[in-house]
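S.K.: Supplied structure: data37.cif, mmCIF, C-alpha atoms.
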data_target
loop_
_atom_site.label_atom_id
_atom_site.label_comp_id
_atom_site.auth_asym_id
_atom_site.auth_seq_id
_atom_site.Cartn_x
_atom_site.Cartn_y
_atom_site.Cartn_z
CA MET A 1 -13.39 -18.62 -9.96
CA ASN A 2 -10.72 -21.23 -9.20
CA ASN A 3 -8.90 -20.19 -6.00
CA SER A 4 -6.57 -23.23 -5.94
CA PHE A 5 -2.91 -22.25 -6.25
CA THR A 6 -0.77 -25.24 -7.20
CA THR A 7 2.95 -25.11 -6.35
CA ALA A 8 5.78 -27.56 -5.82
CA TRP A 9 5.02 -27.33 -2.08
CA GLY A 10 1.38 -28.27 -2.51
CA THR A 11 -1.95 -26.82 -3.56
CA PHE A 12 -3.33 -23.95 -1.50
CA GLU A 13 -6.71 -22.22 -1.39
CA LEU A 14 -6.07 -18.48 -1.56
CA ALA A 15 -8.19 -15.35 -1.49
CA ARG A 16 -7.60 -11.63 -1.33
CA PHE A 17 -8.56 -9.71 1.79
CA PRO A 18 -11.25 -8.69 2.29
CA GLU A 19 -12.97 -11.32 0.20
CA ASN A 20 -15.36 -9.86 -2.36
CA PRO A 21 -17.42 -12.27 -4.48
CA ARG A 22 -18.01 -9.50 -7.03
CA GLU A 23 -14.30 -9.13 -7.78
CA GLN A 24 -12.81 -11.78 -10.06
CA LEU A 25 -9.23 -11.10 -9.02
CA ARG A 26 -6.93 -13.92 -7.93
CA ALA A 27 -4.61 -13.77 -4.95
CA TRP A 28 -1.56 -14.61 -7.09
CA ASP A 29 -0.22 -14.07 -10.58
CA ALA A 30 2.44 -15.37 -12.97
CA ALA A 31 5.21 -13.52 -11.11
CA ASP A 32 4.44 -15.42 -7.89
CA GLU A 33 4.34 -18.69 -9.82
CA TYR A 34 7.64 -17.97 -11.56
CA LEU A 35 9.46 -17.18 -8.32
CA LEU A 36 8.20 -20.26 -6.51
CA ARG A 37 9.04 -22.50 -9.45
CA HIS A 38 12.55 -21.07 -9.58
CA LEU A 39 13.10 -21.67 -5.86
CA LYS A 40 12.12 -25.32 -6.17
CA GLU A 41 13.09 -26.37 -9.67
CA GLY A 42 15.93 -24.14 -10.77
CA PRO A 43 16.32 -22.02 -13.91
CA ALA A 44 13.61 -21.70 -16.51
CA THR A 45 14.14 -22.55 -20.15
CA GLY A 46 13.15 -20.60 -23.21
CA GLY A 47 12.48 -16.88 -23.37
CA PRO A 48 13.37 -14.05 -25.71
CA ALA A 49 16.65 -13.84 -27.54
CA GLY A 50 19.28 -11.95 -25.60
CA ALA A 51 17.77 -12.57 -22.17
CA THR A 52 20.13 -13.62 -19.41
CA PRO A 53 19.51 -17.17 -18.15
CA GLU A 54 19.53 -17.91 -14.43
CA SER A 55 22.58 -19.73 -13.17
CA SER A 56 21.73 -20.33 -9.52
CA ALA A 57 18.92 -22.48 -8.03
CA PRO A 58 17.23 -24.39 -6.68
CA VAL A 59 17.45 -22.35 -3.51
CA PRO A 60 17.86 -24.18 -0.18
CA LEU A 61 15.22 -22.98 2.28
CA ASP A 62 15.44 -25.60 5.02
CA GLY A 63 17.02 -23.91 8.04
CA ALA A 64 17.31 -20.58 6.23
CA ALA A 65 16.15 -17.23 7.55
CA VAL A 66 13.81 -16.16 4.75
CA ALA A 67 12.34 -12.67 4.33
CA VAL A 68 9.55 -11.92 1.86
CA LEU A 69 9.11 -8.26 1.00
CA GLY A 70 5.82 -7.07 -0.48
CA ASP A 71 3.87 -10.35 -0.62
CA ARG A 72 0.62 -8.89 -1.92
CA TRP A 73 -2.00 -11.42 -0.83
CA GLY A 74 0.01 -14.12 0.93
CA ALA A 75 0.70 -16.46 -1.99
CA LEU A 76 4.45 -16.57 -1.36
CA SER A 77 4.21 -16.68 2.43
CA THR A 78 1.56 -19.42 2.42
CA ALA A 79 3.45 -21.61 -0.04
CA LEU A 80 6.76 -21.29 1.84
CA ALA A 81 5.48 -21.25 5.42
CA ALA A 82 6.35 -24.89 6.10
CA ALA A 83 9.51 -24.96 3.97
CA ALA A 84 11.64 -22.17 5.43
CA GLY A 85 13.64 -22.35 8.63
CA SER A 86 12.02 -19.06 9.61
CA LEU A 87 9.94 -16.73 7.47
CA THR A 88 9.33 -13.02 7.94
CA ALA A 89 6.85 -11.23 5.70
CA ILE A 90 7.43 -7.48 5.45
CA THR A 91 4.59 -5.36 4.08
CA ASP A 92 3.37 -1.78 3.90
CA SER A 93 -0.22 -2.99 3.51
CA TYR A 94 -2.58 -3.79 6.36
CA LEU A 95 -4.78 -5.69 3.89
CA SER A 96 -1.81 -7.77 2.75
CA ALA A 97 -0.96 -8.58 6.36
CA ARG A 98 -4.54 -9.70 6.95
CA ALA A 99 -4.50 -11.72 3.72
CA ILE A 100 -1.37 -13.57 4.83
CA ALA A 101 -2.96 -14.47 8.17
CA ALA A 102 -6.27 -15.46 6.56
CA ASN A 103 -4.64 -17.64 3.91
CA LEU A 104 -2.46 -19.42 6.47
CA ALA A 105 -5.59 -20.20 8.48
CA ARG A 106 -7.53 -21.21 5.36
CA ASN A 107 -4.90 -23.84 4.61
CA GLY A 108 -4.50 -25.16 8.15
CA LEU A 109 -1.01 -23.70 8.60
CA ASP A 110 0.37 -22.50 11.89
CA PRO A 111 -0.04 -18.71 12.02
CA ALA A 112 3.23 -18.53 13.96
CA SER A 113 5.08 -19.99 10.97
CA VAL A 114 5.15 -16.53 9.39
CA GLU A 115 6.14 -13.43 11.33
CA VAL A 116 4.50 -10.39 9.75
CA ARG A 117 6.26 -7.06 10.16
CA SER A 118 5.35 -3.69 8.73
CA THR A 119 7.71 -1.58 6.65
CA GLN A 120 7.94 0.69 9.70
CA ASP A 121 9.14 -2.12 11.99
CA ALA A 122 12.76 -3.03 12.56
CA PRO A 123 13.92 -5.46 9.85
CA PRO A 124 15.29 -8.92 10.70
CA SER A 125 18.88 -8.97 11.93
CA ARG A 126 19.93 -11.69 9.46
CA ILE A 127 18.49 -12.73 6.11
CA ASP A 128 19.70 -15.79 4.20
CA VAL A 129 17.09 -15.61 1.45
CA LEU A 130 15.43 -12.34 0.44
CA LEU A 131 12.43 -12.57 -1.88
CA VAL A 132 11.09 -9.29 -3.24
CA ARG A 133 7.75 -8.80 -4.92
CA VAL A 134 8.53 -5.57 -6.79
CA PRO A 135 6.13 -2.84 -5.60
CA LYS A 136 4.49 -0.22 -7.77
CA SER A 137 6.42 2.47 -5.91
CA LEU A 138 10.14 2.65 -6.70
CA ALA A 139 10.52 4.92 -3.67
CA LEU A 140 9.20 2.21 -1.36
CA LEU A 141 11.53 -0.33 -2.96
CA GLU A 142 14.47 2.03 -2.51
CA ASP A 143 13.69 2.65 1.15
CA GLN A 144 13.18 -1.03 1.95
CA LEU A 145 16.33 -2.20 0.18
CA HIS A 146 18.27 0.35 2.23
CA ARG A 147 16.65 -0.88 5.44
CA LEU A 148 17.22 -4.57 4.65
CA ALA A 149 20.76 -4.31 3.26
CA PRO A 150 22.53 -4.52 6.66
CA ALA A 151 20.88 -7.91 7.30
CA LEU A 152 22.30 -9.46 4.13
CA HIS A 153 25.59 -11.30 3.87
CA ASP A 154 27.69 -12.34 0.89
CA ARG A 155 25.91 -15.70 0.61
CA THR A 156 22.38 -14.31 0.86
CA VAL A 157 20.21 -15.30 -2.09
CA VAL A 158 18.24 -12.31 -3.39
CA VAL A 159 15.48 -12.90 -5.93
CA GLY A 160 12.92 -10.35 -6.99
CA THR A 161 9.84 -10.96 -9.09
CA GLY A 162 7.28 -8.96 -11.02
CA MET A 163 5.42 -8.74 -14.25
CA VAL A 164 7.38 -7.40 -17.21
CA THR A 165 5.42 -4.14 -17.03
CA GLU A 166 6.52 -3.70 -13.39
CA ILE A 167 10.27 -4.20 -13.86
CA HIS A 168 12.15 -1.35 -15.51
CA THR A 169 15.78 -0.36 -15.93
CA SER A 170 15.36 1.92 -12.91
CA THR A 171 14.18 -1.08 -10.86
CA LEU A 172 17.32 -3.05 -11.66
CA GLN A 173 19.48 0.00 -10.99
CA LEU A 174 18.09 0.24 -7.46
CA PHE A 175 19.02 -3.37 -6.68
CA GLU A 176 22.46 -2.81 -8.21
CA ARG A 177 23.17 0.48 -6.47
CA ILE A 178 22.00 -0.56 -3.01
CA LEU A 179 22.72 -4.31 -2.81
CA GLY A 180 25.14 -5.44 -5.50
CA PRO A 181 25.52 -6.84 -9.03
CA THR A 182 22.11 -7.48 -10.58
CA ARG A 183 20.73 -9.19 -13.67
CA THR A 184 17.31 -10.08 -14.93
CA SER A 185 15.94 -13.42 -16.09
CA LEU A 186 14.18 -14.75 -19.10
CA ALA A 187 10.55 -13.68 -19.37
CA VAL A 188 8.02 -16.43 -18.70
CA ARG A 189 4.30 -15.71 -19.11
CA LYS A 190 5.07 -11.99 -19.03
CA ALA A 191 6.88 -12.27 -15.69
CA ARG A 192 10.55 -11.80 -14.88
CA LEU A 193 12.92 -12.52 -12.03
CA ILE A 194 15.65 -10.27 -10.67
CA HIS A 195 18.85 -11.86 -9.35
CA THR A 196 21.21 -9.88 -7.13
CA ALA A 197 24.50 -10.96 -5.57
CA PRO A 198 24.72 -8.84 -2.40
CA ASP A 199 28.02 -7.19 -1.64
CA PRO A 200 28.17 -6.22 2.05
CA ALA A 201 31.27 -4.11 1.37
CA GLN A 202 29.53 -2.04 -1.28
CA ASP A 203 29.49 1.70 -0.64
CA ARG A 204 25.77 2.45 -0.56
CA PRO A 205 24.30 5.92 -0.96
CA ALA A 206 22.37 7.37 1.96
CA ASN A 207 18.69 6.50 2.24
CA PRO A 208 16.83 9.67 1.15
CA TRP A 209 13.61 8.68 2.96
CA PRO A 210 11.59 10.06 4.64
CA LEU A 211 11.24 13.21 2.56
CA ARG A 212 10.03 16.53 3.94
CA TYR A 213 9.04 19.64 2.01
CA ARG A 214 7.09 22.88 2.42
CA LEU A 215 3.74 23.38 0.77
CA PRO A 216 3.28 26.28 -1.68
CA ASP A 217 1.58 29.54 -0.86
CA GLY A 218 -1.97 30.24 -1.93
CA ILE A 219 -3.57 27.07 -0.57
CA GLY A 220 -5.17 28.48 2.54
CA VAL A 221 -4.37 27.44 6.06
CA LEU A 222 -1.62 25.04 4.97
CA SER A 223 0.33 27.62 2.94
CA GLY A 224 4.05 27.29 3.60
CA ARG A 225 3.66 24.48 6.13
CA GLN A 226 5.85 21.36 6.22
CA VAL A 227 4.71 17.92 5.08
CA ALA A 228 6.39 14.61 5.90
CA ASN A 229 6.43 11.70 3.47
CA GLN A 230 7.61 8.19 4.10
CA ALA A 231 8.61 6.27 0.97
CA GLY A 232 5.72 4.96 -1.10
CA VAL A 233 3.17 7.58 -0.07
CA PHE A 234 1.27 9.18 -2.96
CA CYS A 235 2.82 12.38 -4.34
CA ALA A 236 5.77 12.30 -1.98
CA ASP A 237 7.54 15.41 -3.27
CA ARG A 238 4.72 17.79 -4.16
CA LEU A 239 1.09 18.70 -3.57
CA ASP A 240 -1.01 16.83 -6.13
CA ILE A 241 -3.64 18.77 -8.05
CA GLY A 242 -6.55 16.69 -6.75
CA THR A 243 -5.69 17.42 -3.12
CA ARG A 244 -5.10 21.09 -3.95
CA PHE A 245 -8.62 21.25 -5.43
CA PHE A 246 -10.08 19.42 -2.42
CA LEU A 247 -8.45 21.86 0.03
CA GLN A 248 -10.38 24.67 -1.65
CA HIS A 249 -13.72 22.94 -1.04
CA LEU A 250 -13.62 21.41 2.45
CA PRO A 251 -16.90 21.51 4.42
CA ASP A 252 -17.75 23.86 7.24
CA LEU A 253 -16.42 22.12 10.34
CA GLN A 254 -17.70 24.59 12.93
CA ASP A 255 -20.04 22.05 14.54
CA ALA A 256 -17.95 18.93 13.89
CA ARG A 257 -16.79 17.05 16.95
CA ARG A 258 -15.05 14.15 15.19
CA VAL A 259 -13.58 14.25 11.68
CA VAL A 260 -12.01 11.39 9.74
CA ASP A 261 -9.34 11.76 7.07
CA LEU A 262 -9.98 8.43 5.34
CA GLY A 263 -7.19 7.15 3.11
CA CYS A 264 -5.15 9.89 4.72
CA GLY A 265 -1.89 9.51 2.82
CA ASN A 266 0.52 12.08 4.22
CA GLY A 267 -2.26 13.71 6.26
CA ILE A 268 -2.51 17.02 4.41
CA VAL A 269 -6.33 17.08 4.29
CA GLY A 270 -6.80 16.08 7.93
CA THR A 271 -4.17 18.55 9.08
CA ALA A 272 -5.96 21.32 7.19
CA ALA A 273 -9.21 20.32 8.89
CA ALA A 274 -7.52 20.35 12.30
CA LEU A 275 -6.07 23.81 11.74
CA THR A 276 -9.47 25.08 10.59
CA ALA A 277 -11.40 23.45 13.45
CA PRO A 278 -9.07 23.10 16.46
CA HIS A 279 -12.03 22.02 18.62
CA ALA A 280 -12.54 18.84 16.55
CA GLU A 281 -10.90 15.49 17.18
CA LEU A 282 -9.20 14.10 14.08
CA LEU A 283 -8.88 10.45 13.09
CA PHE A 284 -6.39 9.61 10.34
CA VAL A 285 -6.96 6.21 8.68
CA ASP A 286 -5.06 4.41 5.96
CA GLU A 287 -4.22 0.81 5.12
CA SER A 288 -0.59 1.83 4.50
CA PHE A 289 1.78 1.83 7.47
CA GLN A 290 3.98 4.33 5.61
CA ALA A 291 1.04 6.67 5.07
CA VAL A 292 -0.11 6.71 8.69
CA ALA A 293 3.44 7.36 9.88
CA SER A 294 3.63 10.27 7.42
CA ALA A 295 0.26 11.64 8.53
CA GLU A 296 1.23 11.58 12.19
CA GLU A 297 4.48 13.46 11.55
CA THR A 298 2.71 16.00 9.34
CA PHE A 299 -0.01 16.56 11.94
CA ARG A 300 2.32 16.73 14.96
CA GLY A 301 4.72 19.02 13.12
CA ASN A 302 1.96 21.54 12.47
CA LEU A 303 -0.27 21.25 15.55
CA GLY A 304 2.12 20.12 18.26
CA PRO A 305 2.51 16.90 20.24
CA ASP A 306 -0.55 17.47 22.45
CA ALA A 307 -3.15 18.13 19.77
CA ARG A 308 -6.05 15.66 19.78
CA ALA A 309 -5.83 13.04 17.04
CA GLU A 310 -5.81 9.31 16.48
CA PHE A 311 -3.82 7.44 13.85
CA LEU A 312 -5.14 4.09 12.67
CA VAL A 313 -3.69 1.57 10.23
CA GLY A 314 -6.68 -0.51 9.22
CA ASP A 315 -9.21 -1.78 6.74
CA ALA A 316 -10.88 1.54 5.91
CA LEU A 317 -13.46 2.24 8.66
CA ALA A 318 -13.94 -1.35 9.83
CA ASP A 319 -12.70 -0.54 13.35
CA VAL A 320 -14.64 2.73 13.77
CA PRO A 321 -17.93 2.50 15.76
CA ASP A 322 -21.30 3.13 14.12
CA ALA A 323 -22.68 6.68 14.18
CA SER A 324 -19.58 8.11 15.86
CA VAL A 325 -18.32 10.60 13.27
CA ASP A 326 -19.54 13.99 11.99
CA VAL A 327 -17.49 14.37 8.80
CA VAL A 328 -15.52 11.96 6.61
CA LEU A 329 -13.05 13.48 4.13
CA LEU A 330 -11.97 11.16 1.32
CA ASN A 331 -9.89 11.03 -1.84
CA PRO A 332 -10.45 7.36 -2.73
CA PRO A 333 -7.96 5.27 -4.71
CA PHE A 334 -9.08 3.46 -7.83
CA HIS A 335 -6.23 0.97 -8.23
CA SER A 336 -5.47 -2.26 -6.41
CA HIS A 337 -1.85 -2.83 -7.45
CA GLN A 338 -2.10 -3.02 -11.26
CA ALA A 339 -5.88 -3.61 -11.39
CA THR A 340 -8.29 -0.73 -11.91
CA THR A 341 -11.31 -1.19 -9.67
CA ASP A 342 -13.99 0.83 -7.87
CA ALA A 343 -14.34 -1.82 -5.16
CA ILE A 344 -12.11 0.09 -2.72
CA ALA A 345 -14.09 3.31 -3.14
CA ARG A 346 -17.41 1.48 -2.74
CA ARG A 347 -16.25 -0.10 0.52
CA MET A 348 -15.08 3.27 1.79
CA PHE A 349 -18.40 4.90 0.91
CA THR A 350 -20.33 2.10 2.61
CA GLY A 351 -18.17 2.36 5.72
CA ALA A 352 -18.59 6.12 5.82
CA ARG A 353 -22.36 5.84 5.77
CA ARG A 354 -22.21 3.42 8.71
CA VAL A 355 -19.93 5.52 10.92
CA LEU A 356 -21.54 8.90 10.23
CA ARG A 357 -24.04 10.28 12.69
CA PRO A 358 -27.44 11.32 11.28
CA GLY A 359 -26.78 14.57 9.45
CA GLY A 360 -23.10 13.72 9.08
CA GLU A 361 -21.37 14.38 5.77
CA LEU A 362 -19.08 12.42 3.49
CA ARG A 363 -17.11 14.77 1.26
CA VAL A 364 -15.24 13.18 -1.65
CA VAL A 365 -12.88 14.38 -4.33
CA GLY A 366 -12.32 12.18 -7.35
CA ASN A 367 -11.55 12.08 -11.03
CA ARG A 368 -14.61 13.22 -12.92
CA HIS A 369 -14.74 10.13 -15.14
CA LEU A 370 -15.15 7.72 -12.20
CA GLY A 371 -18.84 8.48 -11.68
CA HIS A 372 -18.79 8.33 -7.88
CA HIS A 373 -22.01 10.35 -7.76
CA VAL A 374 -23.98 7.32 -8.98
CA THR A 375 -22.67 5.09 -6.18
CA LEU A 376 -23.13 7.77 -3.53
CA ARG A 377 -26.71 8.46 -4.57
CA ARG A 378 -27.49 4.75 -4.36
CA LEU A 379 -25.92 4.36 -0.91
CA PHE A 380 -26.97 7.63 0.73
CA GLY A 381 -30.09 8.51 -1.25
CA ASN A 382 -28.54 11.88 -2.02
CA CYS A 383 -25.45 13.45 -3.56
CA ARG A 384 -24.68 16.99 -4.61
CA THR A 385 -21.79 18.41 -6.57
CA VAL A 386 -19.90 20.95 -4.47
CA ALA A 387 -17.40 21.96 -7.15
CA GLY A 388 -16.01 20.74 -10.45
CA SER A 389 -13.02 21.24 -12.71
CA PRO A 390 -12.16 19.70 -16.08
CA LYS A 391 -10.51 16.78 -14.25
CA PHE A 392 -11.96 16.59 -10.72
CA THR A 393 -15.26 16.84 -8.92
CA VAL A 394 -15.98 17.36 -5.22
CA LEU A 395 -19.13 15.58 -4.03
CA SER A 396 -21.14 15.68 -0.79
CA ALA A 397 -23.41 12.96 0.58
CA VAL A 398 -25.30 13.29 3.88
CA ARG A 399 -26.38 10.51 6.22
CA ARG A 400 -30.14 10.94 6.68
#
When written as structure tokens, how does the structure in this file appear?
M.R.:
Amino acid sequence: MNNSFTTAWGTFELARFPENPREQLRAWDAADEYLLRHLKEGPATGGPAGATPESSAPVPLDGAAVAVLGDRWGALSTALAAAAGSLTAITDSYLSARAIAANLARNGLDPASVEVRSTQDAPPSRIDVLLVRVPKSLALLEDQLHRLAPALHDRTVVVGTGMVTEIHTSTLQLFERILGPTRTSLAVRKARLIHTAPDPAQDRPANPWPLRYRLPDGIGVLSGRQVANQAGVFCADRLDIGTRFFLQHLPDLQDARRVVDLGCGNGIVGTAAALTAPHAELLFVDESFQAVASAEETFRGNLGPDARAEFLVGDALADVPDASVDVVLLNPPFHSHQATTDAIARRMFTGARRVLRPGGELRVVGNRHLGHHVTLRRLFGNCRTVAGSPKFTVLSAVRR
């Protein structure tokens, strides 16, 4: 696959992180290309009848304080690293942060040319150019626009980008309601731009995030307990049916010393395990900064500030020592942004086998159609079905 990304600022070799030769997915798409072309060359031509043409651009970057929100694999940050006065990349994804660093190094660029901050970090104090790669989660976009709005001024250039399928009326309404007057561009290669003129005097609504709610009764040890959700975390306002099913079929943790809630989200599963087995040490792991912050608040709110637990933002189990864990609990994702893939689940399964002690168990809940049992049997040499429903299955694999 061709990994050369050609832009007006040069040609760059890019890859996703972690690199996987089996996955034929590029580290950029037409939305990244459209935004970069607009910044350098000005408005596009053509497009569907009735679309609103861009009227501003090219955008001056030299000497400007540039912030890039949601750069998925570092395409925008790498291309603009040497062009901006200063560049801050803001991301909720540990893998995206690693991709930015790896792609800067791959192209011989100074790693200090891009400051990477998480969505949990304090935003920059001033932003002259704000570039937004529209995320899948409208909640995350809402939260981040609220957090970044105070850094904008009336001459800040705000440009968002995404594929047509990612930009909806509700997306534009968020920009309009939080930042100022907003319009969309012509569509080019199924990508669009969003242009917003920030109005610092605009009366913004309050940021509703984080969200907290109480779990329903009838779910065991977590019945009626409070959950915390930062913006962008899966099922932020309710208990999803897959997790509910998983909670009914957790393993016996009586002899477990160390338990991992892998891909922890808001920490419901790990918190249930901790309440069931207070003698065990819990490790909550997710590649989302928002998720790990949610999990820590959920756990501390239910077990107290002194309960034993670790909270790790990372690349699955890459930073966990071999043979150090008794049980891994997992509800694996099967999307990487808009792409459907089992690569994430396979990496999680492989990591679980490595970190489990002999006799340790990986317990997984997943959609029945995904066929995780085949992969688990190949990796572990065994897999049994603990429980099944029309939509979900709970599987167990043991490290021999």
S.K.: Each residue of segment 116-218 of chain A lying at most 12 Å from segment 96-99 of chain A should get a row with its shortest atom-to-atom pair and the distance in Å to one decimal, counting all atoms listed in the file; could you produce that, ordered by chain and increasing number, as a Markdown table?
M.R.:
| residue | atom | partner | partner_atom | distance |
| --- | --- | --- | --- | --- |
| A:Val116 | CA | A:Ala97 | CA | 6.7 |
| A:Arg117 | CA | A:Ala97 | CA | 8.3 |
| A:Ser118 | CA | A:Ala97 | CA | 8.3 |
| A:Thr119 | CA | A:Ala97 | CA | 11.1 |
S.K.: Please list as a list in words every residue within 9 Å of Ser324 of chain A, counting all atoms listed in the file and excluding residues in the same chain fewer than 2 positions away.
M.R.: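 That gives Arg258, Val320, Pro321, Asp322, Asp326, Arg354, Val355, Leu356 and Arg357 of chain A.
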S.K.: Between atom CA of Thr165 of chain A and atom CA of Ser294 of chain A, what distance in Å does the model show, to one decimal?
M.R.: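 Taking atom CA of Thr165 of chain A as the start and atom CA of Ser294 of chain A as the end point, the length is 28.4 Å.
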S.K.: Can you spell out as a PyMOL selection string the set of residues that the PyMOL selection byres ((chain A and resi 74) around 10) selects in the structure I just provided?
M.R.: chain A and resi 14-17+27-28+32+68+70-73+75-80+89+96-104
S.K.: Which one of A:Arg308, A:Arg214, A:Arg244, A:Arg147 sits closest to Ala231 of chain A if you count all atoms listed in the file?
M.R.: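 Result for the nearest residue to Ala231 of chain A: A:Arg147.
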S.K.: Around the point (16.2, -6.2, -14.7) in the file's coordinates, collect all residues with an atom within 9 Å, using only C-alpha atoms, and return them as a ChimeraX atom specification.
M.R.: /A:167-173,175,182-185,192-195
S.K.: Produce a file of the selected residues containing C-alpha atoms, as a PDB file, keeping the file's coordinate frame.
M.R.:
ATOM      1  CA  ILE A 167      10.270  -4.200 -13.860  1.00  0.00           C
ATOM      2  CA  HIS A 168      12.150  -1.350 -15.510  1.00  0.00           C
ATOM      3  CA  THR A 169      15.780  -0.360 -15.930  1.00  0.00           C
ATOM      4  CA  SER A 170      15.360   1.920 -12.910  1.00  0.00           C
ATOM      5  CA  THR A 171      14.180  -1.080 -10.860  1.00  0.00           C
ATOM      6  CA  LEU A 172      17.320  -3.050 -11.660  1.00  0.00           C
ATOM      7  CA  GLN A 173      19.480   0.000 -10.990  1.00  0.00           C
ATOM      8  CA  PHE A 175      19.020  -3.370  -6.680  1.00  0.00           C
ATOM      9  CA  THR A 182      22.110  -7.480 -10.580  1.00  0.00           C
ATOM     10  CA  ARG A 183      20.730  -9.190 -13.670  1.00  0.00           C
ATOM     11  CA  THR A 184      17.310 -10.080 -14.930  1.00  0.00           C
ATOM     12  CA  SER A 185      15.940 -13.420 -16.090  1.00  0.00           C
ATOM     13  CA  ARG A 192      10.550 -11.800 -14.880  1.00  0.00           C
ATOM     14  CA  LEU A 193      12.920 -12.520 -12.030  1.00  0.00           C
ATOM     15  CA  ILE A 194      15.650 -10.270 -10.670  1.00  0.00           C
ATOM     16  CA  HIS A 195      18.850 -11.860  -9.350  1.00  0.00           C
TER      17      HIS A 195
END
S.K.: Could you check the closest approach to Gly10 of chain A for each of A:Leu253, A:Ala122, A:Ala197, A:Ala82 and tell me which residue wins, using all atoms listed in the file?
M.R.: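 Result for the nearest residue to Gly10 of chain A: A:Ala82.
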S.K.: Counting all atoms listed in the file, I want the residues whose atoms come within 10 Å of (18.2, -12.9, -0.5) in the file frame, returned as a PyMOL selection string.
M.R.: chain A and resi 59+65-68+127-132+148-149+151-160+179+195-198
S.K.: What does the distance from atom CA of Phe289 of chain A to atom CA of Phe12 of chain A come to in Å, to one decimal?
M.R.: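 Computing the Euclidean distance for atom CA of Phe289 of chain A and atom CA of Phe12 of chain A yields 27.8 Å.
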S.K.: List, as a ChimeraX atom specification, every residue that the PyMOL selection byres ((chain A and resi 295) around 7) selects in the file provided.
M.R.: /A:264-267,291-294,296-299
S.K.: Specify the axis-aligned box that encloses all atoms of segment 122-140 of chain A listed in the file after padding of 4 Å on each side, stating its centre and edge lengths in Å to one decimal as JSON.
M.R.:
{"center_x": 12.2, "center_y": -5.4, "center_z": 2.4, "size_x": 23.4, "size_y": 28.7, "size_z": 28.3}
